[in-house]
file work21.pdb (PDB, C-alpha atoms, pLDDT in the B column)
ATOM      1  CA  MET A   1     -31.321  35.513  60.088  1.00 36.00           C
ATOM      2  CA  THR A   2     -28.647  35.539  57.373  1.00 34.00           C
ATOM      3  CA  ALA A   3     -28.698  33.618  54.115  1.00 34.00           C
ATOM      4  CA  THR A   4     -26.679  30.891  55.812  1.00 37.00           C
ATOM      5  CA  GLY A   5     -29.105  30.523  58.706  1.00 41.00           C
ATOM      6  CA  VAL A   6     -26.682  32.096  61.192  1.00 40.00           C
ATOM      7  CA  THR A   7     -28.568  34.147  63.786  1.00 40.00           C
ATOM      8  CA  PRO A   8     -27.135  36.845  66.059  1.00 33.00           C
ATOM      9  CA  GLU A   9     -27.614  34.470  68.953  1.00 37.00           C
ATOM     10  CA  ILE A  10     -25.272  31.954  67.299  1.00 35.00           C
ATOM     11  CA  VAL A  11     -22.608  34.230  65.839  1.00 34.00           C
ATOM     12  CA  ARG A  12     -21.570  37.330  67.749  1.00 31.00           C
ATOM     13  CA  ASP A  13     -21.868  40.741  66.188  1.00 27.00           C
ATOM     14  CA  ALA A  14     -18.125  41.338  65.680  1.00 27.00           C
ATOM     15  CA  PHE A  15     -17.869  39.231  62.507  1.00 32.00           C
ATOM     16  CA  LEU A  16     -16.674  40.635  59.225  1.00 28.00           C
ATOM     17  CA  THR A  17     -17.925  38.973  56.048  1.00 30.00           C
ATOM     18  CA  VAL A  18     -14.847  38.389  53.914  1.00 32.00           C
ATOM     19  CA  SER A  19     -16.093  36.222  51.055  1.00 30.00           C
ATOM     20  CA  ILE A  20     -19.384  35.052  49.579  1.00 27.00           C
ATOM     21  CA  CYS A  21     -19.695  32.338  46.920  1.00 31.00           C
ATOM     22  CA  PRO A  22     -22.503  31.992  44.346  1.00 30.00           C
ATOM     23  CA  ARG A  23     -24.014  29.098  46.321  1.00 35.00           C
ATOM     24  CA  CYS A  24     -24.523  31.456  49.307  1.00 34.00           C
ATOM     25  CA  ASP A  25     -21.945  29.781  51.527  1.00 47.00           C
ATOM     26  CA  ARG A  26     -20.269  32.517  53.518  1.00 45.00           C
ATOM     27  CA  VAL A  27     -17.038  33.010  55.436  1.00 47.00           C
ATOM     28  CA  TYR A  28     -17.277  35.030  58.647  1.00 44.00           C
ATOM     29  CA  GLN A  29     -14.154  36.337  60.358  1.00 43.00           C
ATOM     30  CA  THR A  30     -13.589  37.081  64.036  1.00 42.00           C
ATOM     31  CA  LEU A  31     -10.403  37.387  66.117  1.00 37.00           C
ATOM     32  CA  PRO A  32      -7.350  35.699  64.555  1.00 40.00           C
ATOM     33  CA  MET A  33      -5.715  32.645  66.118  1.00 42.00           C
ATOM     34  CA  ALA A  34      -1.948  33.081  66.386  1.00 45.00           C
ATOM     35  CA  THR A  35      -0.890  29.435  66.490  1.00 50.00           C
ATOM     36  CA  ASN A  36      -0.171  28.086  63.010  1.00 53.00           C
ATOM     37  CA  ARG A  37      -2.353  30.602  61.217  1.00 58.00           C
ATOM     38  CA  SER A  38       0.350  31.740  58.801  1.00 80.00           C
ATOM     39  CA  PRO A  39       1.620  28.244  57.857  1.00 89.00           C
ATOM     40  CA  PHE A  40      -1.853  26.982  57.059  1.00 89.00           C
ATOM     41  CA  ASP A  41      -2.734  30.091  55.078  1.00 91.00           C
ATOM     42  CA  LEU A  42       0.414  29.493  53.041  1.00 90.00           C
ATOM     43  CA  ILE A  43      -0.308  25.832  52.309  1.00 89.00           C
ATOM     44  CA  ALA A  44      -4.077  26.133  51.821  1.00 89.00           C
ATOM     45  CA  GLU A  45      -4.150  25.615  48.062  1.00 89.00           C
ATOM     46  CA  SER A  46      -1.711  22.702  48.193  1.00 88.00           C
ATOM     47  CA  TRP A  47      -3.646  21.190  51.120  1.00 85.00           C
ATOM     48  CA  TYR A  48      -6.846  21.384  49.089  1.00 87.00           C
ATOM     49  CA  GLY A  49      -5.259  19.410  46.289  1.00 86.00           C
ATOM     50  CA  VAL A  50      -3.994  16.614  48.551  1.00 84.00           C
ATOM     51  CA  ARG A  51      -6.566  16.306  51.353  1.00 84.00           C
ATOM     52  CA  HIS A  52      -9.659  15.872  49.213  1.00 81.00           C
ATOM     53  CA  TRP A  53     -11.374  13.074  51.154  1.00 90.00           C
ATOM     54  CA  PRO A  54     -11.751  12.290  54.883  1.00 89.00           C
ATOM     55  CA  LEU A  55      -8.637  10.499  56.126  1.00 89.00           C
ATOM     56  CA  LEU A  56     -10.694   8.866  58.883  1.00 95.00           C
ATOM     57  CA  ARG A  57     -13.832   8.211  56.860  1.00 96.00           C
ATOM     58  CA  ARG A  58     -14.899   5.046  58.702  1.00 97.00           C
ATOM     59  CA  GLU A  59     -14.601   6.701  62.089  1.00 98.00           C
ATOM     60  CA  LEU A  60     -16.601   9.718  60.937  1.00 98.00           C
ATOM     61  CA  GLU A  61     -19.258   7.578  59.291  1.00 98.00           C
ATOM     62  CA  GLU A  62     -19.616   5.691  62.560  1.00 98.00           C
ATOM     63  CA  VAL A  63     -20.265   8.825  64.626  1.00 98.00           C
ATOM     64  CA  SER A  64     -22.539  10.232  61.912  1.00 98.00           C
ATOM     65  CA  ALA A  65     -24.686   7.100  62.203  1.00 98.00           C
ATOM     66  CA  ARG A  66     -24.545   7.337  66.004  1.00 98.00           C
ATOM     67  CA  TRP A  67     -25.680  10.974  66.098  1.00 98.00           C
ATOM     68  CA  GLN A  68     -28.059  10.778  63.089  1.00 97.00           C
ATOM     69  CA  GLY A  69     -28.444  14.550  62.769  1.00 97.00           C
ATOM     70  CA  GLY A  70     -28.318  17.933  64.437  1.00 98.00           C
ATOM     71  CA  ARG A  71     -26.246  21.098  64.454  1.00 98.00           C
ATOM     72  CA  LEU A  72     -22.605  20.032  63.972  1.00 98.00           C
ATOM     73  CA  LEU A  73     -19.444  22.067  64.648  1.00 98.00           C
ATOM     74  CA  ASN A  74     -16.142  21.128  62.964  1.00 98.00           C
ATOM     75  CA  VAL A  75     -13.165  22.788  64.717  1.00 98.00           C
ATOM     76  CA  GLY A  76     -10.055  23.122  62.565  1.00 96.00           C
ATOM     77  CA  CYS A  77     -12.136  22.192  59.532  1.00 97.00           C
ATOM     78  CA  ALA A  78      -9.651  23.368  56.845  1.00 94.00           C
ATOM     79  CA  HIS A  79     -11.509  23.196  53.510  1.00 95.00           C
ATOM     80  CA  GLY A  80     -14.048  20.727  54.831  1.00 96.00           C
ATOM     81  CA  PRO A  81     -13.466  17.150  53.606  1.00 96.00           C
ATOM     82  CA  ASP A  82     -14.525  15.781  57.001  1.00 97.00           C
ATOM     83  CA  PHE A  83     -18.017  17.157  56.431  1.00 98.00           C
ATOM     84  CA  LEU A  84     -18.773  14.552  53.753  1.00 97.00           C
ATOM     85  CA  PRO A  85     -20.071  11.830  56.127  1.00 97.00           C
ATOM     86  CA  PHE A  86     -22.425  14.441  57.673  1.00 98.00           C
ATOM     87  CA  ARG A  87     -23.958  15.834  54.508  1.00 96.00           C
ATOM     88  CA  HIS A  88     -27.430  14.439  55.269  1.00 96.00           C
ATOM     89  CA  GLY A  89     -29.386  15.428  58.357  1.00 96.00           C
ATOM     90  CA  PHE A  90     -26.806  17.821  59.820  1.00 98.00           C
ATOM     91  CA  GLU A  91     -26.556  21.604  59.913  1.00 98.00           C
ATOM     92  CA  LEU A  92     -22.872  22.208  59.238  1.00 98.00           C
ATOM     93  CA  TYR A  93     -20.587  24.818  60.811  1.00 98.00           C
ATOM     94  CA  GLY A  94     -16.848  24.938  60.141  1.00 98.00           C
ATOM     95  CA  VAL A  95     -14.342  26.934  62.217  1.00 97.00           C
ATOM     96  CA  ASP A  96     -10.714  27.444  61.223  1.00 96.00           C
ATOM     97  CA  ALA A  97      -8.065  29.996  62.124  1.00 93.00           C
ATOM     98  CA  ALA A  98      -6.758  30.242  58.538  1.00 93.00           C
ATOM     99  CA  PRO A  99      -9.008  32.311  56.236  1.00 94.00           C
ATOM    100  CA  ALA A 100      -7.197  30.943  53.172  1.00 95.00           C
ATOM    101  CA  MET A 101      -8.290  27.427  54.163  1.00 95.00           C
ATOM    102  CA  LEU A 102     -11.891  28.590  54.404  1.00 96.00           C
ATOM    103  CA  ARG A 103     -11.722  30.188  50.973  1.00 96.00           C
ATOM    104  CA  GLN A 104     -10.711  26.756  49.670  1.00 96.00           C
ATOM    105  CA  GLY A 105     -13.710  25.474  51.617  1.00 96.00           C
ATOM    106  CA  LEU A 106     -15.989  27.571  49.436  1.00 96.00           C
ATOM    107  CA  ARG A 107     -14.607  25.718  46.410  1.00 95.00           C
ATOM    108  CA  TYR A 108     -14.943  22.375  48.131  1.00 95.00           C
ATOM    109  CA  SER A 109     -18.514  22.873  49.307  1.00 96.00           C
ATOM    110  CA  ALA A 110     -19.607  24.063  45.866  1.00 95.00           C
ATOM    111  CA  LYS A 111     -17.987  21.036  44.220  1.00 94.00           C
ATOM    112  CA  HIS A 112     -19.551  18.526  46.619  1.00 95.00           C
ATOM    113  CA  LYS A 113     -22.878  20.367  47.020  1.00 94.00           C
ATOM    114  CA  LEU A 114     -22.392  20.883  50.754  1.00 95.00           C
ATOM    115  CA  TYR A 115     -24.110  23.736  52.590  1.00 96.00           C
ATOM    116  CA  VAL A 116     -21.613  24.949  55.212  1.00 97.00           C
ATOM    117  CA  ASN A 117     -21.408  28.003  57.480  1.00 97.00           C
ATOM    118  CA  TRP A 118     -17.683  28.883  57.329  1.00 97.00           C
ATOM    119  CA  ILE A 119     -16.281  30.921  60.231  1.00 97.00           C
ATOM    120  CA  ALA A 120     -12.719  32.173  60.745  1.00 95.00           C
ATOM    121  CA  ALA A 121     -12.214  32.010  64.500  1.00 95.00           C
ATOM    122  CA  ASP A 122      -9.938  30.968  67.340  1.00 92.00           C
ATOM    123  CA  ALA A 123     -10.526  27.566  68.946  1.00 96.00           C
ATOM    124  CA  MET A 124      -9.754  29.168  72.309  1.00 96.00           C
ATOM    125  CA  ALA A 125     -12.560  31.728  71.928  1.00 96.00           C
ATOM    126  CA  LEU A 126     -15.352  30.165  69.903  1.00 97.00           C
ATOM    127  CA  PRO A 127     -17.854  32.839  68.826  1.00 96.00           C
ATOM    128  CA  PHE A 128     -21.019  30.944  69.792  1.00 97.00           C
ATOM    129  CA  SER A 129     -23.458  30.970  72.661  1.00 97.00           C
ATOM    130  CA  ASP A 130     -23.373  28.244  75.294  1.00 98.00           C
ATOM    131  CA  GLY A 131     -24.898  24.955  74.155  1.00 98.00           C
ATOM    132  CA  THR A 132     -25.253  25.975  70.499  1.00 98.00           C
ATOM    133  CA  PHE A 133     -24.291  22.588  69.026  1.00 98.00           C
ATOM    134  CA  ASP A 134     -25.662  19.073  69.310  1.00 98.00           C
ATOM    135  CA  CYS A 135     -22.319  17.514  68.413  1.00 98.00           C
ATOM    136  CA  ALA A 136     -18.810  18.365  67.234  1.00 98.00           C
ATOM    137  CA  ILE A 137     -15.850  16.902  65.400  1.00 98.00           C
ATOM    138  CA  SER A 138     -12.213  17.915  65.178  1.00 98.00           C
ATOM    139  CA  VAL A 139      -9.760  15.859  63.143  1.00 97.00           C
ATOM    140  CA  ALA A 140      -6.065  16.597  63.706  1.00 95.00           C
ATOM    141  CA  ALA A 141      -6.521  20.158  64.963  1.00 96.00           C
ATOM    142  CA  TYR A 142      -5.967  20.487  68.727  1.00 97.00           C
ATOM    143  CA  HIS A 143      -2.392  19.237  68.477  1.00 97.00           C
ATOM    144  CA  HIS A 144      -1.552  22.496  66.671  1.00 96.00           C
ATOM    145  CA  ILE A 145      -2.226  24.572  69.819  1.00 96.00           C
ATOM    146  CA  LYS A 146       0.872  25.495  71.814  1.00 95.00           C
ATOM    147  CA  GLY A 147       0.941  25.154  75.587  1.00 95.00           C
ATOM    148  CA  ARG A 148      -1.061  23.092  78.045  1.00 95.00           C
ATOM    149  CA  ARG A 149      -3.002  26.109  79.299  1.00 96.00           C
ATOM    150  CA  ASP A 150      -4.161  27.068  75.811  1.00 97.00           C
ATOM    151  CA  ARG A 151      -5.063  23.483  74.912  1.00 97.00           C
ATOM    152  CA  ASP A 152      -7.108  23.191  78.104  1.00 97.00           C
ATOM    153  CA  THR A 153      -8.806  26.481  77.268  1.00 97.00           C
ATOM    154  CA  ALA A 154      -9.695  25.207  73.807  1.00 98.00           C
ATOM    155  CA  PHE A 155     -11.157  21.970  75.174  1.00 98.00           C
ATOM    156  CA  ARG A 156     -13.215  23.976  77.701  1.00 98.00           C
ATOM    157  CA  GLU A 157     -14.470  26.238  74.932  1.00 98.00           C
ATOM    158  CA  LEU A 158     -15.617  23.250  72.918  1.00 98.00           C
ATOM    159  CA  ARG A 159     -17.401  21.851  75.956  1.00 98.00           C
ATOM    160  CA  ARG A 160     -19.113  25.202  76.486  1.00 98.00           C
ATOM    161  CA  VAL A 161     -20.637  25.370  73.002  1.00 98.00           C
ATOM    162  CA  VAL A 162     -21.852  21.731  72.932  1.00 98.00           C
ATOM    163  CA  LYS A 163     -25.174  21.025  74.628  1.00 98.00           C
ATOM    164  CA  PRO A 164     -25.339  18.975  77.843  1.00 98.00           C
ATOM    165  CA  GLY A 165     -25.472  15.349  76.775  1.00 98.00           C
ATOM    166  CA  GLY A 166     -23.902  16.219  73.416  1.00 98.00           C
ATOM    167  CA  GLU A 167     -20.797  14.482  72.120  1.00 98.00           C
ATOM    168  CA  ALA A 168     -17.578  15.337  70.304  1.00 98.00           C
ATOM    169  CA  PHE A 169     -15.298  13.139  68.218  1.00 98.00           C
ATOM    170  CA  LEU A 170     -11.689  14.365  68.340  1.00 98.00           C
ATOM    171  CA  THR A 171      -8.411  13.077  66.961  1.00 98.00           C
ATOM    172  CA  VAL A 172      -4.814  14.105  67.630  1.00 98.00           C
ATOM    173  CA  TRP A 173      -1.415  12.687  66.743  1.00 96.00           C
ATOM    174  CA  ASN A 174       0.083  10.183  69.165  1.00 95.00           C
ATOM    175  CA  TRP A 175       3.528  10.822  70.647  1.00 95.00           C
ATOM    176  CA  LEU A 176       4.365   7.097  70.746  1.00 90.00           C
ATOM    177  CA  GLN A 177       3.845   6.402  67.069  1.00 92.00           C
ATOM    178  CA  PRO A 178       7.124   4.942  65.698  1.00 88.00           C
ATOM    179  CA  ARG A 179       7.829   8.022  63.575  1.00 89.00           C
ATOM    180  CA  PHE A 180       8.493  10.049  66.740  1.00 91.00           C
ATOM    181  CA  TRP A 181      10.187   7.531  69.016  1.00 90.00           C
ATOM    182  CA  PHE A 182      12.935   9.149  71.102  1.00 86.00           C
ATOM    183  CA  ARG A 183      11.935  12.615  69.915  1.00 89.00           C
ATOM    184  CA  SER A 184      10.357  15.614  71.601  1.00 91.00           C
ATOM    185  CA  ARG A 185       6.613  15.994  72.037  1.00 89.00           C
ATOM    186  CA  GLU A 186       6.927  19.406  70.358  1.00 91.00           C
ATOM    187  CA  GLN A 187       7.556  19.067  66.641  1.00 92.00           C
ATOM    188  CA  GLN A 188       7.823  21.225  63.542  1.00 92.00           C
ATOM    189  CA  VAL A 189       6.458  19.033  60.737  1.00 91.00           C
ATOM    190  CA  PRO A 190       7.330  20.048  57.146  1.00 89.00           C
ATOM    191  CA  TRP A 191       4.945  20.615  54.250  1.00 91.00           C
ATOM    192  CA  ARG A 192       6.809  21.007  50.969  1.00 89.00           C
ATOM    193  CA  LEU A 193       5.782  23.481  48.307  1.00 90.00           C
ATOM    194  CA  LYS A 194       7.505  24.416  45.060  1.00 86.00           C
ATOM    195  CA  GLU A 195       8.481  27.705  46.669  1.00 86.00           C
ATOM    196  CA  GLY A 196       9.995  26.084  49.739  1.00 89.00           C
ATOM    197  CA  THR A 197       9.193  24.150  52.902  1.00 91.00           C
ATOM    198  CA  ILE A 198       6.596  25.285  55.440  1.00 91.00           C
ATOM    199  CA  TYR A 199       6.824  24.003  59.018  1.00 91.00           C
ATOM    200  CA  ARG A 200       3.711  23.376  61.120  1.00 93.00           C
ATOM    201  CA  TYR A 201       3.763  23.129  64.909  1.00 93.00           C
ATOM    202  CA  TYR A 202       2.515  19.877  66.499  1.00 94.00           C
ATOM    203  CA  HIS A 203       2.166  18.908  70.136  1.00 96.00           C
ATOM    204  CA  LEU A 204       2.149  15.109  70.290  1.00 96.00           C
ATOM    205  CA  PHE A 205      -0.276  13.713  72.859  1.00 97.00           C
ATOM    206  CA  SER A 206      -0.190  10.462  74.777  1.00 96.00           C
ATOM    207  CA  TYR A 207      -3.414   8.615  75.543  1.00 96.00           C
ATOM    208  CA  ARG A 208      -3.046   9.491  79.225  1.00 96.00           C
ATOM    209  CA  GLU A 209      -2.367  13.164  78.561  1.00 97.00           C
ATOM    210  CA  LEU A 210      -5.351  13.555  76.242  1.00 98.00           C
ATOM    211  CA  SER A 211      -7.650  11.847  78.728  1.00 97.00           C
ATOM    212  CA  ALA A 212      -6.420  14.125  81.522  1.00 97.00           C
ATOM    213  CA  SER A 213      -6.785  17.274  79.399  1.00 97.00           C
ATOM    214  CA  LEU A 214     -10.361  16.478  78.432  1.00 98.00           C
ATOM    215  CA  THR A 215     -11.275  15.510  81.989  1.00 98.00           C
ATOM    216  CA  ARG A 216      -9.880  18.801  83.313  1.00 97.00           C
ATOM    217  CA  ALA A 217     -12.048  20.584  80.763  1.00 97.00           C
ATOM    218  CA  GLY A 218     -15.174  18.827  82.052  1.00 97.00           C
ATOM    219  CA  TRP A 219     -15.644  16.147  79.398  1.00 98.00           C
ATOM    220  CA  GLU A 220     -16.645  12.548  80.074  1.00 98.00           C
ATOM    221  CA  ILE A 221     -14.637  10.030  78.038  1.00 98.00           C
ATOM    222  CA  VAL A 222     -16.905   7.589  76.195  1.00 98.00           C
ATOM    223  CA  SER A 223     -14.144   5.803  74.267  1.00 98.00           C
ATOM    224  CA  MET A 224     -10.490   6.335  73.361  1.00 97.00           C
ATOM    225  CA  ARG A 225      -8.804   4.158  70.766  1.00 96.00           C
ATOM    226  CA  PRO A 226      -6.568   4.081  67.691  1.00 95.00           C
ATOM    227  CA  GLU A 227      -7.745   4.690  64.150  1.00 94.00           C
ATOM    228  CA  LYS A 228      -9.597   1.731  62.622  1.00 93.00           C
ATOM    229  CA  SER A 229      -6.778   1.003  60.164  1.00 92.00           C
ATOM    230  CA  TYR A 230      -4.367   0.303  63.043  1.00 90.00           C
ATOM    231  CA  ARG A 231      -3.773  -3.474  63.270  1.00 88.00           C
ATOM    232  CA  PHE A 232      -1.409  -4.022  66.177  1.00 87.00           C
ATOM    233  CA  PRO A 233      -2.635  -5.381  69.531  1.00 83.00           C
ATOM    234  CA  VAL A 234      -1.044  -2.615  71.647  1.00 82.00           C
ATOM    235  CA  LYS A 235      -2.957   0.618  71.078  1.00 87.00           C
ATOM    236  CA  HIS A 236      -0.266   2.958  72.417  1.00 87.00           C
ATOM    237  CA  PHE A 237       1.736   3.000  69.151  1.00 91.00           C
ATOM    238  CA  SER A 238      -1.074   4.146  66.836  1.00 93.00           C
ATOM    239  CA  ARG A 239      -0.611   7.206  64.653  1.00 93.00           C
ATOM    240  CA  ASN A 240      -3.843   8.798  65.857  1.00 96.00           C
ATOM    241  CA  ILE A 241      -5.686   8.911  69.155  1.00 97.00           C
ATOM    242  CA  CYS A 242      -9.423   8.948  68.492  1.00 97.00           C
ATOM    243  CA  VAL A 243     -11.681   9.964  71.352  1.00 98.00           C
ATOM    244  CA  LEU A 244     -15.429  10.183  71.730  1.00 98.00           C
ATOM    245  CA  ALA A 245     -16.285  12.499  74.619  1.00 98.00           C
ATOM    246  CA  ARG A 246     -19.543  13.690  76.116  1.00 98.00           C
ATOM    247  CA  VAL A 247     -20.682  16.839  77.918  1.00 98.00           C
ATOM    248  CA  PRO A 248     -22.227  15.700  81.214  1.00 97.00           C
ATOM    249  CA  ALA A 249     -26.015  15.997  81.200  1.00 92.00           C
ATOM    250  CA  GLY A 250     -27.571  18.259  83.795  1.00 73.00           C
TER     251      GLY A 250
END

call {"tool": "encode", "arguments": {"input": "work21.pdb", "output": "structure tokens"}}
result
Amino acid sequence: MTATGVTPEIVRDAFLTVSICPRCDRVYQTLPMATNRSPFDLIAESWYGVRHWPLLRRELEEVSARWQGGRLLNVGCAHGPDFLPFRHGFELYGVDAAPAMLRQGLRYSAKHKLYVNWIAADAMALPFSDGTFDCAISVAAYHHIKGRRDRDTAFRELRRVVKPGGEAFLTVWNWLQPRFWFRSREQQVPWRLKEGTIYRYYHLFSYRELSASLTRAGWEIVSMRPEKSYRFPVKHFSRNICVLARVPAG
């Protein structure tokens, strides 16, 4: 058992400890994820300064109240603002492909007195045993994975590490939001720094496509809807698609 409570059964032996903070949070590193790793390493410090609070706080507070506690995995966690609604009653694990983001996470968790197990890993090969987690979240992460096959693999991996009967709350960007009308599903979205502009890959989902992808991966769809701030009667034009999915029991 490590200082972070990570056992060999949870985290495979191949990890390399790359950073330890005074509060005993730790970053573990496994195989790198190719998609978008470099852009998010480059923007990590700027991202930390801008994304300091959960963008979908009400949605996350709702699932936190629904789940009440347990071992929680956050895939594509960045520096961890989406952990805030889960600070009480949950054992927190954050996975991201960009080590620089996780180093910012050490700052963030120290500032907000969060105890997080930070792990640099690929969403398509999560370094956990089957059924490790009671629940999972992923806010605006899976749309950064290129290719249907790899996205399906990532959704299957998430299903594998969540217990039967466990749930996941996921969000992705919606292709039919007005910003992207008459444009390709595959986008390079800019993030501007003083040194220049960094482009991040996005695959824009439709509601139907996301439902089909999760179903192929073995998930049951509990609900699929826009973000709570969306006010129009037709859901298909929301910025985000928010889905609550469940691993079939038994």

call {"tool": "resolve_selection", "arguments": {"input": "work21.pdb", "expression": "the PyMOL selection byres ((chain A and resi 198) around 10)", "output": "list of chain:residue names"}}
result
A:Ser38, A:Pro39, A:Phe40, A:Leu42, A:Ile43, A:Gln188, A:Val189, A:Pro190, A:Trp191, A:Arg192, A:Leu193, A:Glu195, A:Gly196, A:Thr197, A:Tyr199, A:Arg200

call {"tool": "closest_residue", "arguments": {"input": "work21.pdb", "among": "A:Glu227, A:Asp130, A:Asp152, A:Asp122", "to": "Arg57 (chain A)", "atoms": "only C-alpha atoms"}}
result
A:Glu227

call {"tool": "resolve_selection", "arguments": {"input": "work21.pdb", "expression": "the PyMOL selection byres ((chain A and resi 204) around 10)", "output": "ChimeraX atom specification"}}
result
/A:142-144,172-177,180,184-187,201-203,205-206,209-210,240

call {"tool": "write_last_selection", "arguments": {"input": "work21.pdb", "atoms": "C-alpha atoms", "output": "compact mmCIF listing (two decimals), in the frame of the given file"}}
result
# COMPACT_ATOMS: atom_id res chain seq x y z
CA TYR A 142 -5.97 20.49 68.73
CA HIS A 143 -2.39 19.24 68.48
CA HIS A 144 -1.55 22.50 66.67
CA VAL A 172 -4.81 14.10 67.63
CA TRP A 173 -1.42 12.69 66.74
CA ASN A 174 0.08 10.18 69.17
CA TRP A 175 3.53 10.82 70.65
CA LEU A 176 4.36 7.10 70.75
CA GLN A 177 3.84 6.40 67.07
CA PHE A 180 8.49 10.05 66.74
CA SER A 184 10.36 15.61 71.60
CA ARG A 185 6.61 15.99 72.04
CA GLU A 186 6.93 19.41 70.36
CA GLN A 187 7.56 19.07 66.64
CA TYR A 201 3.76 23.13 64.91
CA TYR A 202 2.52 19.88 66.50
CA HIS A 203 2.17 18.91 70.14
CA PHE A 205 -0.28 13.71 72.86
CA SER A 206 -0.19 10.46 74.78
CA GLU A 209 -2.37 13.16 78.56
CA LEU A 210 -5.35 13.56 76.24
CA ASN A 240 -3.84 8.80 65.86

call {"tool": "residues_around", "arguments": {"input": "work21.pdb", "residues": "Ala44 (chain A)", "least_positions_apart": "2", "cutoff": "9 Å", "atoms": "only C-alpha atoms", "output": "PyMOL selection string"}}
result
chain A and resi 39-42+46-49+78-79+98+100-104

call {"tool": "closest_residue", "arguments": {"input": "work21.pdb", "among": "A:Lys228, A:Arg246, A:Arg66, A:Arg87", "to": "Pro164 (chain A)", "atoms": "all atoms listed in the file"}}
result
A:Arg246

call {"tool": "resolve_selection", "arguments": {"input": "work21.pdb", "expression": "the PyMOL selection byres ((chain A and resi 133) around 6)", "output": "VMD selection string"}}
result
chain A and resid 71 to 72 131 to 132 134 to 135 162 to 163

call {"tool": "axis_aligned_box", "arguments": {"input": "work21.pdb", "around": "region 93-98 of chain A", "padding_each_side": "4 Å", "output": "lines of an AutoDock Vina configuration file"}}
result
center_x = -13.7
center_y = 27.5
center_z = 60.4
size_x = 21.8
size_y = 13.4
size_z = 11.7

call {"tool": "closest_residue", "arguments": {"input": "work21.pdb", "among": "A:Ser223, A:Ser138, A:Asn74, A:Thr153", "to": "Ala120 (chain A)", "atoms": "all atoms listed in the file"}}
result
A:Asn74

call {"tool": "residues_around", "arguments": {"input": "work21.pdb", "residues": "region 108-117 of chain A", "least_positions_apart": "3", "cutoff": "6 Å", "atoms": "only C-alpha atoms", "output": "ChimeraX atom specification"}}
result
/A:92-93,105

call {"tool": "residues_around", "arguments": {"input": "work21.pdb", "residues": "Trp67 (chain A)", "least_positions_apart": "5", "cutoff": "10 Å", "atoms": "only C-alpha atoms", "output": "PyMOL selection string"}}
result
chain A and resi 61-62+72+86+89-90+134-135+166-167

call {"tool": "atom_distance", "arguments": {"input": "work21.pdb", "atom1": "CA of Leu73 (chain A)", "atom2": "CA of Glu91 (chain A)"}}
result
8.6 Å
